[in-house]
$ cat protein10.csv   # CSV, C-alpha atoms
chain,number,residue,atom,x,y,z
A,1,MET,CA,8.9,27.0,-1.4
A,2,ARG,CA,7.1,25.5,1.6
A,3,ILE,CA,3.8,23.6,2.0
A,4,THR,CA,2.1,22.9,5.3
A,5,THR,CA,-0.5,20.1,5.4
A,6,LYS,CA,-3.3,20.2,7.9
A,7,PRO,CA,-2.8,18.1,11.1
A,8,TYR,CA,-4.5,14.7,11.1
A,9,SER,CA,-6.1,12.8,14.0
A,10,HIS,CA,-7.4,9.3,13.8
A,11,SER,CA,-9.5,7.4,16.4
A,12,GLY,CA,-10.8,4.0,15.4
A,13,PRO,CA,-9.8,0.8,13.7
A,14,ALA,CA,-6.1,0.5,12.8
A,15,ASP,CA,-6.8,-0.5,9.2
A,16,ASP,CA,-9.8,1.8,8.6
A,17,ASN,CA,-8.1,3.5,5.7
A,18,TRP,CA,-7.5,2.0,2.2
A,19,LEU,CA,-3.8,1.9,1.4
A,20,GLY,CA,-3.2,4.9,-0.9
A,21,GLN,CA,-6.2,6.8,0.6
A,22,GLN,CA,-5.8,10.4,1.7
A,23,LEU,CA,-5.9,10.7,5.5
A,24,GLY,CA,-8.8,13.0,6.3
A,25,ASN,CA,-8.5,16.5,4.8
A,26,SER,CA,-4.7,16.6,5.3
A,27,THR,CA,-4.0,18.8,2.3
A,28,GLY,CA,-1.6,21.7,1.9
A,29,ILE,CA,-1.5,23.9,-1.2
A,30,GLN,CA,0.2,26.9,-2.7
A,31,THR,CA,-1.5,28.4,-5.8
A,32,ASN,CA,0.3,30.2,-8.6
A,33,TYR,CA,3.5,30.7,-6.7
A,34,VAL,CA,6.3,32.4,-8.8
A,35,VAL,CA,9.3,30.1,-8.5
A,36,PHE,CA,11.6,31.3,-11.2
A,37,ASP,CA,12.1,35.0,-12.4
A,38,PHE,CA,14.3,35.3,-15.5
A,39,ASN,CA,14.3,39.1,-15.7
A,40,GLY,CA,17.9,40.3,-16.0
A,41,CYS,CA,19.1,36.8,-17.0
A,42,SER,CA,21.0,36.0,-20.1
A,43,SER,CA,18.1,33.7,-21.3
A,44,ASN,CA,14.5,33.3,-20.7
A,45,GLY,CA,13.1,30.0,-19.3
A,46,TYR,CA,11.8,27.4,-21.7
A,47,TYR,CA,11.4,24.4,-19.5
A,48,SER,CA,11.0,23.4,-15.9
A,49,PHE,CA,11.3,20.0,-14.1
A,50,VAL,CA,10.8,18.7,-10.7
A,51,TYR,CA,12.9,15.9,-9.1
A,52,PRO,CA,11.6,13.9,-6.0
A,53,VAL,CA,14.1,13.4,-3.1
A,54,ASP,CA,12.7,10.2,-1.5
A,55,ALA,CA,12.1,6.7,-3.0
A,56,PRO,CA,8.4,5.8,-3.2
A,57,VAL,CA,6.8,3.3,-0.9
A,58,PRO,CA,6.7,0.0,-2.8
A,59,GLY,CA,3.2,-1.1,-4.0
A,60,VAL,CA,1.3,1.9,-2.8
A,61,THR,CA,-0.2,4.6,-5.1
A,62,HIS,CA,-2.7,7.4,-4.6
A,63,ASN,CA,-5.2,7.8,-7.5
A,64,THR,CA,-7.4,10.7,-8.0
A,65,GLY,CA,-9.0,11.9,-11.2
A,66,ASN,CA,-6.8,10.8,-14.1
A,67,THR,CA,-3.6,11.1,-12.0
A,68,SER,CA,-1.7,8.3,-10.2
A,69,TYR,CA,0.8,9.4,-7.6
A,70,PRO,CA,3.7,7.5,-6.1
A,71,VAL,CA,3.6,7.7,-2.3
A,72,TYR,CA,6.7,8.7,-0.3
A,73,PRO,CA,7.4,7.9,3.3
A,74,THR,CA,7.1,10.6,6.1
A,75,GLY,CA,8.9,8.5,8.7
A,76,ALA,CA,5.7,8.1,10.7
A,77,PRO,CA,4.3,4.5,10.7
A,78,GLY,CA,1.7,3.9,8.1
A,79,ILE,CA,1.8,7.5,6.8
A,80,GLY,CA,3.2,8.8,3.5
A,81,TYR,CA,2.8,11.8,1.4
A,82,VAL,CA,2.2,12.7,-2.3
A,83,VAL,CA,3.1,15.8,-4.2
A,84,GLY,CA,1.1,17.2,-7.1
A,85,ILE,CA,2.3,20.1,-9.2
A,86,LYS,CA,0.9,22.1,-12.2
A,87,ASP,CA,1.3,25.2,-14.3
A,88,PRO,CA,-1.9,27.1,-13.3
A,89,LYS,CA,-2.3,28.3,-16.9
A,90,LEU,CA,-1.7,25.0,-18.7
A,91,GLY,CA,-2.9,21.4,-18.0
A,92,ASP,CA,-4.0,19.4,-15.0
A,93,TRP,CA,-2.3,18.2,-11.9
A,94,LEU,CA,0.9,16.2,-12.5
A,95,SER,CA,2.4,13.7,-10.0
A,96,VAL,CA,5.9,14.3,-8.8
A,97,LYS,CA,7.4,11.0,-9.7
A,98,PRO,CA,10.9,9.5,-10.3
A,99,PRO,CA,13.2,10.1,-11.9
A,100,TYR,CA,11.7,13.5,-12.7
A,101,GLN,CA,8.6,15.2,-14.1
A,102,GLN,CA,8.5,17.9,-16.7
A,103,VAL,CA,6.2,20.7,-15.5
A,104,PHE,CA,6.5,23.4,-18.1
A,105,PRO,CA,5.4,23.1,-20.8
A,106,SER,CA,2.8,20.7,-19.3
A,107,PRO,CA,2.9,17.4,-21.2
A,108,GLY,CA,0.2,17.1,-23.8
A,109,THR,CA,-0.3,20.9,-24.1
A,110,SER,CA,0.7,23.3,-26.8
A,111,GLY,CA,2.1,25.8,-24.3
A,112,GLY,CA,5.8,26.6,-24.2
A,113,GLY,CA,8.3,29.1,-25.6
A,114,PRO,CA,10.3,31.8,-23.8
A,115,GLN,CA,9.0,32.9,-20.4
A,116,THR,CA,10.1,35.8,-18.2
A,117,SER,CA,8.9,33.9,-15.1
A,118,LEU,CA,7.4,30.6,-14.2
A,119,GLY,CA,4.9,30.0,-11.5
A,120,PHE,CA,3.3,26.8,-10.3
A,121,SER,CA,0.6,25.4,-8.0
A,122,VAL,CA,1.7,22.7,-5.6
A,123,GLU,CA,-0.4,20.4,-3.5
A,124,MET,CA,0.7,17.9,-0.8
A,125,LYS,CA,-1.5,15.3,1.0
A,126,LEU,CA,-0.9,12.7,3.7
A,127,ILE,CA,-1.6,9.2,2.6
A,128,ALA,CA,-2.2,5.8,4.3
A,129,THR,CA,0.7,3.4,3.5
A,130,ASP,CA,0.1,0.7,6.2
A,131,ARG,CA,-1.7,0.0,9.4
A,132,LEU,CA,-1.8,3.0,11.7
A,133,LYS,CA,-0.2,2.6,15.1
A,134,THR,CA,-1.3,4.4,18.3
A,135,GLY,CA,0.9,7.4,19.1
A,136,SER,CA,1.5,11.1,18.6
A,137,TYR,CA,3.9,11.7,15.7
A,138,THR,CA,5.6,14.9,14.6
A,139,ILE,CA,6.5,14.7,10.9
A,140,PRO,CA,9.7,16.8,10.6
A,141,ALA,CA,10.1,19.5,8.0
A,142,LYS,CA,11.9,18.0,5.0
A,143,VAL,CA,12.9,18.7,1.4
A,144,VAL,CA,10.6,16.6,-0.8
A,145,ALA,CA,11.6,17.7,-4.3
A,146,THR,CA,13.9,20.0,-6.3
A,147,MET,CA,12.6,22.3,-9.0
A,148,ARG,CA,14.9,23.2,-11.9
A,149,ALA,CA,14.6,25.6,-14.9
A,150,ALA,CA,16.3,25.3,-18.3
A,151,ASP,CA,16.8,27.3,-21.5
A,152,LYS,CA,15.7,26.2,-24.9
A,153,TYR,CA,18.8,23.9,-25.1
A,154,TYR,CA,17.8,22.2,-21.8
A,155,GLU,CA,20.8,23.9,-20.2
A,156,LEU,CA,20.9,25.6,-16.8
A,157,ILE,CA,20.4,29.3,-16.9
A,158,PRO,CA,23.2,31.4,-15.2
A,159,GLY,CA,21.8,33.1,-12.1
A,160,ILE,CA,18.8,30.8,-11.8
A,161,ASN,CA,19.4,28.3,-9.0
A,162,ASP,CA,17.4,25.1,-8.2
A,163,VAL,CA,14.5,25.7,-5.8
A,164,ARG,CA,13.8,23.3,-3.0
A,165,LEU,CA,10.3,22.2,-2.3
A,166,TRP,CA,9.6,21.7,1.5
A,167,LEU,CA,7.0,19.8,3.4
A,168,ASN,CA,6.7,21.7,6.7
A,169,SER,CA,6.5,19.9,10.0
A,170,THR,CA,3.0,18.7,11.0
A,171,VAL,CA,1.5,16.6,13.8
A,172,VAL,CA,-0.4,13.3,13.5
A,173,ASN,CA,-2.3,11.8,16.5
A,174,VAL,CA,-3.4,8.2,16.3
A,175,ASN,CA,-5.6,6.2,18.7
A,176,ALA,CA,-5.9,2.9,16.8
A,177,THR,CA,-8.1,0.1,18.0
A,178,GLY,CA,-7.8,-3.5,16.9
A,179,CYS,CA,-7.3,-7.1,18.1
A,180,LYS,CA,-4.6,-9.4,19.5
A,181,VAL,CA,-4.2,-13.1,18.5
A,182,THR,CA,-5.2,-15.3,21.4
A,183,PRO,CA,-2.2,-17.1,23.0
A,184,GLY,CA,-2.0,-20.7,21.9
A,185,THR,CA,-3.3,-20.0,18.4
A,186,VAL,CA,-0.3,-17.9,17.2
A,187,LEU,CA,2.0,-20.8,16.1
A,188,GLN,CA,0.4,-24.1,15.4
A,189,THR,CA,1.5,-27.5,13.9
A,190,VAL,CA,-1.5,-29.3,12.3
A,191,SER,CA,-1.1,-33.0,11.7
A,192,LEU,CA,-3.2,-34.7,9.0
A,193,PRO,CA,-3.7,-38.5,9.1
A,194,PRO,CA,-1.8,-40.5,6.4
A,195,ALA,CA,-3.6,-41.0,3.1
A,196,ASN,CA,-3.1,-43.6,0.4
A,197,THR,CA,-2.6,-42.6,-3.3
A,198,ALA,CA,-5.4,-45.0,-4.2
A,199,GLU,CA,-7.9,-42.8,-2.4
A,200,PHE,CA,-7.6,-40.0,-5.1
A,201,SER,CA,-9.5,-40.2,-8.4
A,202,GLY,CA,-7.8,-37.4,-10.4
A,203,VAL,CA,-6.8,-33.8,-10.3
A,204,GLY,CA,-9.0,-31.9,-7.9
A,205,SER,CA,-10.1,-34.9,-6.0
A,206,SER,CA,-9.7,-35.1,-2.2
A,207,ALA,CA,-9.0,-37.8,0.4
A,208,THR,CA,-11.4,-38.2,3.3
A,209,GLN,CA,-8.7,-37.5,5.9
A,210,SER,CA,-8.8,-34.1,7.4
A,211,ALA,CA,-7.6,-32.1,10.4
A,212,ARG,CA,-9.2,-29.3,12.4
A,213,PHE,CA,-7.6,-26.2,13.9
A,214,SER,CA,-8.7,-22.8,14.9
A,215,VAL,CA,-7.3,-19.2,15.2
A,216,ALA,CA,-8.8,-16.7,17.7
A,217,VAL,CA,-8.5,-13.0,18.3
A,218,ASP,CA,-9.4,-10.8,21.3
A,219,CYS,CA,-10.6,-7.4,20.1
A,220,ASP,CA,-11.6,-3.9,21.2
A,221,PRO,CA,-15.3,-3.3,20.8
A,222,ASP,CA,-16.8,-2.5,17.4
A,223,ILE,CA,-14.0,-3.9,15.2
A,224,SER,CA,-14.9,-5.4,11.9
A,225,VAL,CA,-12.3,-8.2,11.5
A,226,TYR,CA,-11.1,-9.4,8.0
A,227,ALA,CA,-8.5,-12.0,7.2
A,228,THR,CA,-6.2,-13.1,4.5
A,229,MET,CA,-4.5,-16.5,4.3
A,230,THR,CA,-1.1,-16.5,2.7
A,231,ASP,CA,0.9,-19.4,1.2
A,232,ALA,CA,4.2,-19.1,3.1
A,233,THR,CA,6.0,-21.2,0.5
A,234,THR,CA,4.7,-19.3,-2.5
A,235,PRO,CA,3.5,-15.9,-1.3
A,236,ALA,CA,2.3,-14.9,-4.7
A,237,ASN,CA,-0.2,-17.8,-4.8
A,238,THR,CA,-3.8,-16.6,-5.1
A,239,SER,CA,-5.3,-20.0,-5.8
A,240,ASP,CA,-7.3,-22.1,-3.3
A,241,THR,CA,-4.5,-24.7,-3.0
A,242,LEU,CA,-1.6,-24.5,-0.5
A,243,SER,CA,1.6,-25.5,-2.2
A,244,LEU,CA,4.1,-28.0,-0.7
A,245,GLY,CA,7.0,-26.8,1.4
A,246,GLN,CA,10.7,-27.7,1.0
A,247,GLY,CA,10.5,-30.5,3.5
A,248,SER,CA,7.9,-32.4,1.4
A,249,ARG,CA,8.9,-35.6,-0.6
A,250,ALA,CA,5.5,-36.2,-2.1
A,251,ASP,CA,4.4,-34.8,-5.5
A,252,GLY,CA,1.1,-34.1,-7.1
A,253,ILE,CA,-0.5,-33.3,-3.8
A,254,GLY,CA,-1.5,-30.0,-2.2
A,255,LEU,CA,-3.7,-28.9,0.7
A,256,LYS,CA,-6.9,-27.0,0.8
A,257,LEU,CA,-8.1,-25.1,3.9
A,258,TYR,CA,-11.8,-24.6,4.6
A,259,LYS,CA,-13.6,-22.5,7.1
A,260,PHE,CA,-15.4,-25.1,9.1
A,261,GLY,CA,-18.9,-25.9,7.8
A,262,GLU,CA,-18.2,-24.4,4.4
A,263,SER,CA,-17.6,-26.3,1.1
A,264,THR,CA,-15.6,-23.6,-0.7
A,265,PRO,CA,-11.9,-23.6,0.1
A,266,VAL,CA,-10.1,-20.4,1.2
A,267,LYS,CA,-8.2,-18.6,-1.5
A,268,PHE,CA,-4.8,-17.3,-0.7
A,269,GLY,CA,-3.6,-13.7,-1.0
A,270,PRO,CA,-0.7,-11.4,-0.1
A,271,ASP,CA,0.5,-11.0,3.4
A,272,SER,CA,-1.1,-7.6,4.0
A,273,SER,CA,-3.5,-6.0,6.5
A,274,GLY,CA,-4.5,-3.4,3.9
A,275,LYS,CA,-8.2,-2.8,3.3
A,276,ASN,CA,-9.5,-4.8,0.4
A,277,ASN,CA,-6.4,-7.0,0.1
A,278,ILE,CA,-6.6,-9.7,-2.6
A,279,ASN,CA,-8.8,-12.6,-1.4
A,280,GLN,CA,-9.4,-10.9,2.0
A,281,TRP,CA,-12.6,-12.1,3.6
A,282,TYR,CA,-14.9,-10.9,6.4
A,283,VAL,CA,-14.6,-12.8,9.7
A,284,GLY,CA,-17.0,-11.0,12.0
A,285,LYS,CA,-17.5,-8.0,14.2
A,286,SER,CA,-16.7,-7.6,17.9
A,287,SER,CA,-18.9,-6.0,20.5
A,288,THR,CA,-18.6,-4.9,24.1
A,289,GLY,CA,-20.2,-8.2,25.2
A,290,ASN,CA,-18.3,-10.4,22.7
A,291,ARG,CA,-14.7,-9.5,22.1
A,292,ASN,CA,-13.4,-12.9,21.2
A,293,ILE,CA,-13.7,-14.1,17.6
A,294,THR,CA,-12.7,-17.7,16.8
A,295,ILE,CA,-12.2,-19.1,13.3
A,296,PRO,CA,-12.3,-22.9,13.0
A,297,PHE,CA,-10.6,-24.4,9.9
A,298,VAL,CA,-10.4,-27.8,8.3
A,299,ALA,CA,-7.3,-28.9,6.3
A,300,GLN,CA,-7.6,-31.6,3.6
A,301,TYR,CA,-5.4,-33.2,0.9
A,302,VAL,CA,-6.1,-32.5,-2.7
A,303,GLN,CA,-4.6,-34.0,-5.9
A,304,THR,CA,-2.9,-31.4,-8.1
A,305,LYS,CA,-1.3,-33.5,-10.9
A,306,PRO,CA,-2.3,-36.5,-12.9
A,307,LYS,CA,0.3,-38.6,-11.2
A,308,ILE,CA,0.9,-38.7,-7.4
A,309,GLU,CA,4.2,-39.6,-5.9
A,310,ALA,CA,4.0,-40.8,-2.3
A,311,GLY,CA,6.0,-39.2,0.4
A,312,LYS,CA,6.0,-36.7,3.2
A,313,VAL,CA,3.7,-33.7,2.9
A,314,GLU,CA,4.6,-30.4,4.5
A,315,ALA,CA,3.0,-27.0,3.9
A,316,SER,CA,2.9,-23.7,5.7
A,317,SER,CA,0.4,-20.9,5.8
A,318,THR,CA,0.0,-17.6,7.6
A,319,ILE,CA,-3.1,-15.6,8.4
A,320,THR,CA,-3.1,-11.8,8.5
A,321,PHE,CA,-5.9,-9.9,10.2
A,322,SER,CA,-7.2,-6.5,9.2
A,323,TYR,CA,-9.1,-4.4,11.7
A,324,GLN,CA,-11.7,-2.2,10.0
$ encode --input "protein10.csv" --output "C-alpha cells"
Amino acid sequence: MRITTKPYSHSGPADDNWLGQQLGNSTGIQTNYVVFDFNGCSSNGYYSFVYPVDAPVPGVTHNTGNTSYPVYPTGAPGIGYVVGIKDPKLGDWLSVKPPYQQVFPSPGTSGGGPQTSLGFSVEMKLIATDRLKTGSYTIPAKVVATMRAADKYYELIPGINDVRLWLNSTVVNVNATGCKVTPGTVLQTVSLPPANTAEFSGVGSSATQSARFSVAVDCDPDISVYATMTDATTPANTSDTLSLGQGSRADGIGLKLYKFGESTPVKFGPDSSGKNNINQWYVGKSSTGNRNITIPFVAQYVQTKPKIEAGKVEASSTITFSYQ
C-alpha cells in the first residue's frame, strides 16, 4: 500500500512554521483500501494492528482534532511525517504510534467479530520538526509501517502476510530567509565588578554593580526576530535567575539579565528556535533599510538564599534566535 504526499515549497522565514505544524497542504490519502482478504483462508480476520518502522522525533507532536500524532523523520532537515489510519466504517482517525496501534476493531467502538476482508483509510502529512534550511530535498520512498492481521486468538492467519505501508518519494523545495549573528557578539565574556555580601538585604535583593553587553544580528528584509535565553548550566531552568556554573565558589548568589532600559528580568527557556518556544520574546523586525538588530543587555547579581557565601561567581547563558 503506497501513499504519495503533495510536493511542498517554502519561501520565507526559516522558523515560520510551528514545530508540529503541517507543511502547507502536503497530504496524501488512500480511502477504504482493502488490505486483507480472508476468502479461502482457514480463519476469518478478527483483529488488525499497525507497527511503525521509525523512531519518533523527540519532543515534537502533531495535534489535530482529538488525535495526537508522533512525528517521524523523513531525512530532510526540519521535515517529518505523520501517519493516520482508520477503519472507514468504525471510529475516527488513529495515530500510528509505537510500539503498535490496534486498528480493527477501532478502540472504543463496539465493532469486531469475524471479517472476510479488512479495508482501511490511511493519511500521511509532512510536518515541521525544526528550522527549515534552504535547498531542494528529495524524500526517498520508504516503508513507514507494517500492517498485520490476526485471528480471534491473536494468532497469525496462514496465507495472510504482513502488508507494508509505503511513503512514496516526494520533493520539498525550501528558500529560507533569516539572520546571522554579527561577528564579535557570538562568544562573549562579561565581567561584573566585585560585590560585597553586605550590599544584599535578603533573597531577591540585588547589588548595584552591573555590566552591559549586547548581541546583534544581520537579517534578510522582513524578518520578525524572536529570541530565547537559555541557562547553559541548567538548561531546564525557566525562571528569571541564571544559575551558577561549576567554576563558582560563591553560594546564595545568581545573576539576572535585563534588556537594557527594562526593569523586568529575562526569563530563561529551552535552547530551541521553534515558534512559540517557552519564554521566547519578540526582538524586532528587519526591513530593507535596516537589516541590523542589536539587543543591549545588563547583567546584575541577585541573592538567591538567606545566607550568602563569598567567592568566585561564574555563569553561562546562550541566546537562540527564531526567524519568523
$ residues_around --input "protein10.csv" --residues "region 299-303 of chain A" --least-positions-apart "2" --cutoff "8 Å" --atoms "only C-alpha atoms" --output "number ranges by chain"
A: 192, 200, 202-212, 241, 252-258, 297, 305-306, 308
$ closest_residue --input "protein10.csv" --among "A:Val96, A:Ile29, A:Ala128, A:Ile223" --to "Val50 (chain A)" --atoms "only C-alpha atoms"
A:Val96
$ residues_around --input "protein10.csv" --residues "Asp231 (chain A)" --least-positions-apart "2" --cutoff "12 Å" --atoms "only C-alpha atoms" --output "PyMOL selection string"
chain A and resi 228-229+233-245+254-257+266-271+315-320
$ closest_residue --input "protein10.csv" --among "A:Ala149, A:Leu94, A:Ile160, A:Leu167" --to "Pro107 (chain A)" --atoms "all atoms listed in the file"
A:Leu94
$ residues_near_point --input "protein10.csv" --point "(-12.8, -5.6, 9.6)" --cutoff "8 Å" --atoms "all atoms listed in the file" --output "MDAnalysis selection string"
chainID A and resid 15 223:226 282:285 322:324
$ closest_residue --input "protein10.csv" --among "A:Arg291, A:Arg249, A:Arg148, A:Lys125" --to "Leu165 (chain A)" --atoms "only C-alpha atoms"
A:Arg148
$ closest_residue --input "protein10.csv" --among "A:Gln101, A:Asn279, A:Asn17, A:Thr61" --to "Pro73 (chain A)" --atoms "all atoms listed in the file"
A:Thr61
$ closest_residue --input "protein10.csv" --among "A:Val35, A:Val71, A:Leu23, A:Cys219" --to "Ser286 (chain A)" --atoms "all atoms listed in the file"
A:Cys219
$ atom_distance --input "protein10.csv" --atom1 "CA of Gly28 (chain A)" --atom2 "CA of Ile3 (chain A)"
5.7 Å
$ residues_near_point --input "protein10.csv" --point "(13.3, 19.7, -4.7)" --cutoff "8 Å" --atoms "only C-alpha atoms" --output "number ranges by chain"
A: 50-53, 143-147, 162-166
$ closest_residue --input "protein10.csv" --among "A:Gly65, A:Gly311, A:Gly135, A:Pro114" --to "Thr177 (chain A)" --atoms "all atoms listed in the file"
A:Gly135
$ residues_around --input "protein10.csv" --residues "Tyr69 (chain A)" --least-positions-apart "4" --cutoff "8 Å" --atoms "all atoms listed in the file" --output "number ranges by chain"
A: 61-63, 82-84, 95-97
$ atom_distance --input "protein10.csv" --atom1 "CA of Met1 (chain A)" --atom2 "CA of Cys41 (chain A)"
21.1 Å
$ atom_distance --input "protein10.csv" --atom1 "CA of Gln102 (chain A)" --atom2 "CA of Ala150 (chain A)"
10.9 Å
$ decode --input "protein10.csv" --residues "region 118-128 of chain A" --atoms "all heavy atoms" --output "short mmCIF file (atom, residue, chain, number, x, y, z; two decimals), in the first residue's frame"
data_model
loop_
_atom_site.label_atom_id
_atom_site.label_comp_id
_atom_site.auth_asym_id
_atom_site.auth_seq_id
_atom_site.Cartn_x
_atom_site.Cartn_y
_atom_site.Cartn_z
N LEU A 118 -10.61 -6.81 5.36
CA LEU A 118 -10.41 -5.61 6.16
C LEU A 118 -9.84 -4.52 5.26
O LEU A 118 -8.82 -4.71 4.59
CB LEU A 118 -9.46 -5.86 7.34
CG LEU A 118 -10.02 -6.67 8.50
CD1 LEU A 118 -8.92 -6.99 9.51
CD2 LEU A 118 -11.16 -5.93 9.19
N GLY A 119 -10.52 -3.37 5.24
CA GLY A 119 -10.04 -2.22 4.48
C GLY A 119 -9.84 -1.03 5.39
O GLY A 119 -10.49 -0.92 6.45
N PHE A 120 -8.95 -0.14 5.00
CA PHE A 120 -8.62 0.99 5.86
C PHE A 120 -8.45 2.26 5.02
O PHE A 120 -8.19 2.20 3.82
CB PHE A 120 -7.31 0.73 6.62
CG PHE A 120 -7.33 -0.56 7.39
CD1 PHE A 120 -6.72 -1.69 6.88
CD2 PHE A 120 -7.98 -0.64 8.60
CE1 PHE A 120 -6.75 -2.88 7.57
CE2 PHE A 120 -8.03 -1.83 9.31
CZ PHE A 120 -7.41 -2.96 8.79
N SER A 121 -8.58 3.37 5.69
CA SER A 121 -8.20 4.66 5.12
C SER A 121 -6.89 5.08 5.79
O SER A 121 -6.75 4.95 7.01
CB SER A 121 -9.28 5.71 5.35
OG SER A 121 -10.46 5.37 4.64
N VAL A 122 -5.96 5.55 4.99
CA VAL A 122 -4.64 5.95 5.50
C VAL A 122 -4.33 7.36 5.02
O VAL A 122 -4.58 7.71 3.86
CB VAL A 122 -3.54 4.97 5.04
CG1 VAL A 122 -2.18 5.42 5.55
CG2 VAL A 122 -3.84 3.56 5.51
N GLU A 123 -3.77 8.16 5.92
CA GLU A 123 -3.41 9.55 5.60
C GLU A 123 -1.99 9.83 6.09
O GLU A 123 -1.62 9.42 7.19
CB GLU A 123 -4.39 10.50 6.27
CG GLU A 123 -4.13 11.98 5.99
CD GLU A 123 -5.11 12.88 6.73
OE1 GLU A 123 -5.23 12.73 7.96
OE2 GLU A 123 -5.74 13.71 6.07
N MET A 124 -1.21 10.50 5.27
CA MET A 124 0.13 10.94 5.67
C MET A 124 0.27 12.43 5.41
O MET A 124 -0.27 12.96 4.44
CB MET A 124 1.22 10.18 4.90
CG MET A 124 1.24 8.69 5.17
SD MET A 124 2.69 7.91 4.42
CE MET A 124 2.23 6.19 4.56
N LYS A 125 1.02 13.10 6.27
CA LYS A 125 1.26 14.54 6.13
C LYS A 125 2.71 14.85 6.46
O LYS A 125 3.32 14.17 7.30
CB LYS A 125 0.35 15.34 7.08
CG LYS A 125 -1.13 15.20 6.78
CD LYS A 125 -1.98 16.09 7.67
CE LYS A 125 -2.16 15.53 9.06
NZ LYS A 125 -3.14 16.29 9.86
N LEU A 126 3.27 15.86 5.80
CA LEU A 126 4.60 16.36 6.13
C LEU A 126 4.47 17.40 7.23
O LEU A 126 3.58 18.25 7.20
CB LEU A 126 5.27 16.96 4.91
CG LEU A 126 5.49 16.01 3.73
CD1 LEU A 126 6.21 16.73 2.59
CD2 LEU A 126 6.28 14.77 4.15
N ILE A 127 5.40 17.35 8.20
CA ILE A 127 5.29 18.13 9.43
C ILE A 127 6.61 18.84 9.73
O ILE A 127 7.69 18.27 9.53
CB ILE A 127 4.92 17.21 10.62
CG1 ILE A 127 3.65 16.41 10.34
CG2 ILE A 127 4.80 18.01 11.91
CD1 ILE A 127 2.40 17.24 10.22
N ALA A 128 6.53 20.07 10.24
CA ALA A 128 7.73 20.80 10.64
C ALA A 128 8.29 20.22 11.94
O ALA A 128 7.56 20.07 12.92
CB ALA A 128 7.41 22.28 10.85
#
